[in-house]
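Q: So that we are looking at the same thing, I have put the structure below in structure tokens.
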Amino acid sequence: MSGLVDASPRPRQRQRPDRGQRVLDVAVAALLLVLAAPVIAVVAALVAARLGRPVLFRQRRAGLHGRCFDVVKFRTMRPPGPHQSPLDVGDRLTPLGNWLRATSLDELPTLWNVLRGEMSLVGPRPLLPEYLDRYSPWQARRHEVRPGMTGLAQIRGRNSLSWAEKLDLDVEYVDTRSLRLNLSILLATVRPVLRREGISAPGHATAPEFLGTGVDVRTAGSDHGMATPSGGAR
């Protein structure tokens, strides 16, 4: 792969659900941004007070057809020290940042990505562009739809799942998506968020790096595929 995923043409029967999903995305994201404005202001003030500025961090992620965009979230980590690697996620994740991740409040700014059409409310999670060349052709089909703030993998275990399991669920969503399924996923997302389930893989601050098909990514590698100097990402 060369950075863009050559997705097959969308079947005609998929076009109507996709248009309906976009209408739902815009309506719900706009409403949530308005309703959550006081919460966003409080979280921004807390991040500024505890972590300093900038309050937000941006990171390149691969989206629809592998095209890259900047995902926006609240910062959850300190910048690396003079002798500290930017890849040392666990050492830089603050108590406030850990709480923001556990409650998913760090992702409130990501609603802006939904409004811009770079993401959807429901879909495969946006991952790093470096992973594009590591997917099997089957796994690469996850990029046939916009990435989402939540998805099948998020309601079936989140980071407690292996990469193979998560990517299989992503492709399952691509093949079975509908407005009804999207609504059910949105409703089912409430429970794991409130119960803070599956936030991190065993031994990792979030999840291990995806090393490619055939590699046991539950134990191999580190968190360095999921972090930046200015903040963390999942």
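In the structure tokens, the first chain shown is A, the next is B, and so on; residue numbers restart at 1 for each chain, and ligands run from 1 in the order shown.
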Using only C-alpha atoms, determine which residues lie at most 6 Å from A:Lys73, disregarding the query and same-chain residues fewer than 5 positions distant; provide the list as an mmCIF file with C-alpha atoms, in the first residue's frame.

A:
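Wrote part03.cif, looks like this:
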```cif
data_model
loop_
_atom_site.group_PDB
_atom_site.id
_atom_site.type_symbol
_atom_site.label_atom_id
_atom_site.label_comp_id
_atom_site.auth_asym_id
_atom_site.auth_seq_id
_atom_site.Cartn_x
_atom_site.Cartn_y
_atom_site.Cartn_z
ATOM 1 C CA LEU A 56 -5.544 20.477 22.524
ATOM 2 C CA PHE A 57 -3.291 18.162 20.602
ATOM 3 C CA ASP A 106 -10.598 13.740 26.128
ATOM 4 C CA GLU A 107 -12.471 12.947 22.912
ATOM 5 C CA PRO A 109 -13.084 17.924 20.682
ATOM 6 C CA THR A 110 -13.175 15.039 18.189
#
```

Q: Kindly provide the residues of stretch 117-143 of chain A that approach stretch 177-191 of chain A to within 10 Å, each paired with its closest atom pair and their distance in Å to one decimal, based on only C-alpha atoms, listed by chain and increasing number, as a Markdown table.

A:
```
| residue | atom | partner | partner_atom | distance |
| --- | --- | --- | --- | --- |
| A:Leu121 | CA | A:Leu186 | CA | 7.9 |
| A:Val122 | CA | A:Asn182 | CA | 6.1 |
| A:Gly123 | CA | A:Asn182 | CA | 8.4 |
```

Q: Just the residues within 9 Å of stretch 45-55 of chain A, please, counting only C-alpha atoms, with nothing from its chain fewer than 2 positions along; format it as a tab-separated table (two decimals) with N, CA and C atoms, in the first residue's frame.

A:
```
chain	number	residue	atom	x	y	z
A	40	ILE	N	-16.81	21.10	28.13
A	40	ILE	CA	-15.61	21.34	27.34
A	40	ILE	C	-14.81	22.49	27.94
A	41	ALA	N	-15.50	23.55	28.37
A	41	ALA	CA	-14.82	24.70	28.97
A	41	ALA	C	-14.12	24.31	30.26
A	42	VAL	N	-14.80	23.52	31.10
A	42	VAL	CA	-14.20	23.09	32.36
A	42	VAL	C	-12.98	22.20	32.12
A	43	VAL	N	-13.12	21.24	31.22
A	43	VAL	CA	-12.00	20.34	30.92
A	43	VAL	C	-10.82	21.13	30.35
A	57	PHE	N	-4.37	18.69	21.42
A	57	PHE	CA	-3.29	18.16	20.60
A	57	PHE	C	-3.89	17.57	19.34
A	73	LYS	N	-7.97	16.18	20.07
A	73	LYS	CA	-8.37	15.71	21.39
A	73	LYS	C	-7.80	16.65	22.45
A	74	PHE	N	-8.27	16.50	23.68
A	74	PHE	CA	-7.63	17.18	24.79
A	74	PHE	C	-6.31	16.50	25.12
A	75	ARG	N	-5.32	17.27	25.51
A	75	ARG	CA	-4.06	16.69	25.94
A	75	ARG	C	-4.27	15.87	27.21
A	76	THR	N	-3.55	14.78	27.31
A	76	THR	CA	-3.63	13.93	28.50
A	76	THR	C	-2.26	13.62	29.08
A	77	MET	N	-1.19	14.06	28.40
A	77	MET	CA	0.16	13.72	28.86
A	77	MET	C	1.05	14.95	28.92
A	78	ARG	N	2.06	14.88	29.75
A	78	ARG	CA	3.10	15.91	29.81
A	78	ARG	C	4.04	15.74	28.62
A	79	PRO	N	4.69	16.83	28.20
A	79	PRO	CA	5.74	16.69	27.17
A	79	PRO	C	6.88	15.84	27.73
A	94	THR	N	-0.73	11.66	32.99
A	94	THR	CA	-1.00	12.25	34.30
A	94	THR	C	-2.28	11.66	34.89
A	96	LEU	N	-4.86	13.32	35.82
A	96	LEU	CA	-5.95	13.98	35.11
A	96	LEU	C	-6.14	13.35	33.73
A	97	GLY	N	-5.03	13.13	33.03
A	97	GLY	CA	-5.12	12.54	31.71
A	97	GLY	C	-5.71	11.14	31.74
A	230	SER	N	3.05	15.57	22.47
A	230	SER	CA	2.13	16.52	23.09
A	230	SER	C	0.93	15.88	23.74
```

Q: Determine, using only C-alpha atoms, which residues of stretch 10-68 of chain A have any atom at most 8 Å from an atom of stretch 131-145 of chain A, and tabulate each with its shortest atom pair and distance in Å to one decimal place, rows ordered by chain and then rising number, as CSV.

A:
```
residue,atom,partner,partner_atom,distance
A:Ala62,CA,A:Leu132,CA,7.8
A:Gly63,CA,A:His143,CA,6.4
A:Leu64,CA,A:His143,CA,5.1
A:His65,CA,A:His143,CA,5.0
A:Gly66,CA,A:His143,CA,6.0
```

Q: Please return, as a list in words, all residues of stretch 92-158 of chain A that DSSP assigns to strand (DSSP E) on the basis of the backbone.

A: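 Secondary structure check on stretch 92-158 of chain A, strand (DSSP E): Ser120, Leu121, Val122, Gly148, Met149 and Thr150 of chain A.
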
Q: Of the candidates A:Val71, A:Gly148, A:Trp112, A:Ile155, which one gets nearest to A:Leu128 if we count only C-alpha atoms?

A: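 Of all the options, A:Val71 lies closest to A:Leu128.
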
Q: Could you check the closest approach to A:Pro38 for each of A:Glu165, A:Leu100, A:Leu108, A:Arg92 and tell me which residue wins, using only C-alpha atoms?

A: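 With only C-alpha atoms as the atom set, the closest residue is A:Leu108.
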
Q: Check stretch 149-193 of chain A with DSSP on the backbone and list each residue it calls helix (DSSP H, G or I), as JSON, numbers by chain.

A: {"A": [152, 153, 154, 155, 158, 159, 160, 163, 164, 165, 166, 167, 168, 169, 170, 171, 172, 173, 174, 175, 176, 179, 180, 181, 182, 183, 184, 185, 186, 187, 188, 189, 190, 191, 192, 193]}

Q: Write out, as a JSON list (two decimals), in the first residue's frame, the residues just selected, with N, CA and C atoms.

A:
```
[["chain", "number", "residue", "atom", "x", "y", "z"],
["A", 152, "LEU", "N", -17.93, -1.24, 16.69],
["A", 152, "LEU", "CA", -18.17, -2.58, 17.22],
["A", 152, "LEU", "C", -17.08, -3.01, 18.21],
["A", 153, "ALA", "N", -15.83, -2.70, 17.89],
["A", 153, "ALA", "CA", -14.74, -3.10, 18.79],
["A", 153, "ALA", "C", -14.84, -2.39, 20.14],
["A", 154, "GLN", "N", -15.36, -1.17, 20.15],
["A", 154, "GLN", "CA", -15.45, -0.41, 21.39],
["A", 154, "GLN", "C", -16.54, -0.95, 22.31],
["A", 155, "ILE", "N", -17.56, -1.57, 21.76],
["A", 155, "ILE", "CA", -18.62, -2.10, 22.62],
["A", 155, "ILE", "C", -18.42, -3.59, 22.92],
["A", 158, "ARG", "N", -13.06, -3.09, 23.55],
["A", 158, "ARG", "CA", -12.10, -2.00, 23.40],
["A", 158, "ARG", "C", -10.67, -2.55, 23.36],
["A", 159, "ASN", "N", -9.80, -2.00, 24.19],
["A", 159, "ASN", "CA", -8.39, -2.39, 24.14],
["A", 159, "ASN", "C", -8.08, -3.71, 24.83],
["A", 160, "SER", "N", -9.08, -4.35, 25.42],
["A", 160, "SER", "CA", -8.85, -5.69, 25.96],
["A", 160, "SER", "C", -8.82, -6.74, 24.85],
["A", 163, "TRP", "N", -5.40, -7.08, 18.47],
["A", 163, "TRP", "CA", -5.53, -6.32, 17.22],
["A", 163, "TRP", "C", -6.31, -7.12, 16.17],
["A", 164, "ALA", "N", -6.04, -8.41, 16.08],
["A", 164, "ALA", "CA", -6.75, -9.23, 15.09],
["A", 164, "ALA", "C", -8.25, -9.19, 15.34],
["A", 165, "GLU", "N", -8.65, -9.26, 16.60],
["A", 165, "GLU", "CA", -10.08, -9.22, 16.94],
["A", 165, "GLU", "C", -10.68, -7.87, 16.60],
["A", 166, "LYS", "N", -9.97, -6.81, 16.93],
["A", 166, "LYS", "CA", -10.50, -5.47, 16.66],
["A", 166, "LYS", "C", -10.63, -5.22, 15.15],
["A", 167, "LEU", "N", -9.63, -5.62, 14.39],
["A", 167, "LEU", "CA", -9.68, -5.38, 12.95],
["A", 167, "LEU", "C", -10.74, -6.24, 12.27],
["A", 168, "ASP", "N", -10.96, -7.45, 12.76],
["A", 168, "ASP", "CA", -12.04, -8.29, 12.23],
["A", 168, "ASP", "C", -13.40, -7.63, 12.49],
["A", 169, "LEU", "N", -13.57, -7.04, 13.67],
["A", 169, "LEU", "CA", -14.82, -6.35, 13.99],
["A", 169, "LEU", "C", -14.99, -5.11, 13.11],
["A", 170, "ASP", "N", -13.89, -4.43, 12.79],
["A", 170, "ASP", "CA", -13.96, -3.27, 11.90],
["A", 170, "ASP", "C", -14.52, -3.67, 10.54],
["A", 171, "VAL", "N", -14.00, -4.77, 9.99],
["A", 171, "VAL", "CA", -14.46, -5.22, 8.67],
["A", 171, "VAL", "C", -15.89, -5.74, 8.75],
["A", 172, "GLU", "N", -16.23, -6.38, 9.87],
["A", 172, "GLU", "CA", -17.61, -6.82, 10.06],
["A", 172, "GLU", "C", -18.55, -5.62, 10.02],
["A", 173, "TYR", "N", -18.13, -4.52, 10.63],
["A", 173, "TYR", "CA", -18.97, -3.31, 10.60],
["A", 173, "TYR", "C", -19.13, -2.80, 9.17],
["A", 174, "VAL", "N", -18.03, -2.78, 8.41],
["A", 174, "VAL", "CA", -18.09, -2.31, 7.03],
["A", 174, "VAL", "C", -19.13, -3.09, 6.24],
["A", 175, "ASP", "N", -19.19, -4.41, 6.46],
["A", 175, "ASP", "CA", -20.09, -5.27, 5.69],
["A", 175, "ASP", "C", -21.53, -5.26, 6.19],
["A", 176, "THR", "N", -21.77, -4.86, 7.41],
["A", 176, "THR", "CA", -23.11, -4.97, 7.99],
["A", 176, "THR", "C", -23.70, -3.63, 8.40],
["A", 179, "LEU", "N", -28.18, 2.22, 9.54],
["A", 179, "LEU", "CA", -28.57, 3.21, 10.54],
["A", 179, "LEU", "C", -29.01, 2.53, 11.84],
["A", 180, "ARG", "N", -29.69, 1.42, 11.69],
["A", 180, "ARG", "CA", -30.13, 0.68, 12.89],
["A", 180, "ARG", "C", -28.94, 0.18, 13.69],
["A", 181, "LEU", "N", -27.95, -0.38, 13.01],
["A", 181, "LEU", "CA", -26.76, -0.86, 13.71],
["A", 181, "LEU", "C", -26.02, 0.31, 14.36],
["A", 182, "ASN", "N", -25.90, 1.43, 13.64],
["A", 182, "ASN", "CA", -25.21, 2.59, 14.21],
["A", 182, "ASN", "C", -25.88, 3.08, 15.48],
["A", 183, "LEU", "N", -27.20, 3.14, 15.48],
["A", 183, "LEU", "CA", -27.92, 3.59, 16.66],
["A", 183, "LEU", "C", -27.72, 2.62, 17.82],
["A", 184, "SER", "N", -27.71, 1.33, 17.52],
["A", 184, "SER", "CA", -27.52, 0.34, 18.59],
["A", 184, "SER", "C", -26.11, 0.44, 19.16],
["A", 185, "ILE", "N", -25.11, 0.72, 18.31],
["A", 185, "ILE", "CA", -23.74, 0.87, 18.79],
["A", 185, "ILE", "C", -23.62, 2.11, 19.67],
["A", 186, "LEU", "N", -24.25, 3.21, 19.25],
["A", 186, "LEU", "CA", -24.20, 4.43, 20.06],
["A", 186, "LEU", "C", -24.80, 4.19, 21.45],
["A", 187, "LEU", "N", -25.92, 3.49, 21.50],
["A", 187, "LEU", "CA", -26.55, 3.20, 22.80],
["A", 187, "LEU", "C", -25.69, 2.26, 23.63],
["A", 188, "ALA", "N", -25.10, 1.25, 22.96],
["A", 188, "ALA", "CA", -24.29, 0.27, 23.68],
["A", 188, "ALA", "C", -22.97, 0.85, 24.16],
["A", 189, "THR", "N", -22.56, 1.98, 23.60],
["A", 189, "THR", "CA", -21.29, 2.60, 24.01],
["A", 189, "THR", "C", -21.36, 3.17, 25.42],
["A", 190, "VAL", "N", -22.56, 3.53, 25.85],
["A", 190, "VAL", "CA", -22.72, 4.19, 27.15],
["A", 190, "VAL", "C", -22.19, 3.31, 28.28],
["A", 191, "ARG", "N", -22.50, 2.02, 28.24],
["A", 191, "ARG", "CA", -22.12, 1.13, 29.34],
["A", 191, "ARG", "C", -20.60, 1.03, 29.53],
["A", 192, "PRO", "N", -19.81, 0.67, 28.49],
["A", 192, "PRO", "CA", -18.37, 0.56, 28.72],
["A", 192, "PRO", "C", -17.72, 1.88, 29.12],
["A", 193, "VAL", "N", -18.28, 3.01, 28.65],
["A", 193, "VAL", "CA", -17.72, 4.30, 29.04],
["A", 193, "VAL", "C", -17.99, 4.58, 30.51]]
```

Q: Would you list the contacts of A:Val114 as a PyMOL selection string, taking every protein, DNA or RNA residue within 10 Å and counting only C-alpha atoms, but skipping same-chain residues closer than 3 positions in sequence?

A: chain A and resi 22+25-26+28-30+71+109-111+117-122+146-149

Q: Go ahead and compute the interatomic distance for atom CA of A:Glu209 and atom CA of A:Arg116, in Å to one decimal.

A: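 One can read the atom CA of A:Glu209 to atom CA of A:Arg116 distance as 27.8 Å.
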
Q: As an exercise, work out the distance from atom CA of A:Gln59 to atom CA of A:Asn98 in Å and give it to one decimal place.

A: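 Separation of atom CA of A:Gln59 and atom CA of A:Asn98: 18.4 Å.
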
Q: Between atom CA of A:Leu127 and atom CA of A:Leu105, what distance in Å does the model show, to one decimal?

A: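 Between atom CA of A:Leu127 and atom CA of A:Leu105 the gap works out to 18.8 Å.
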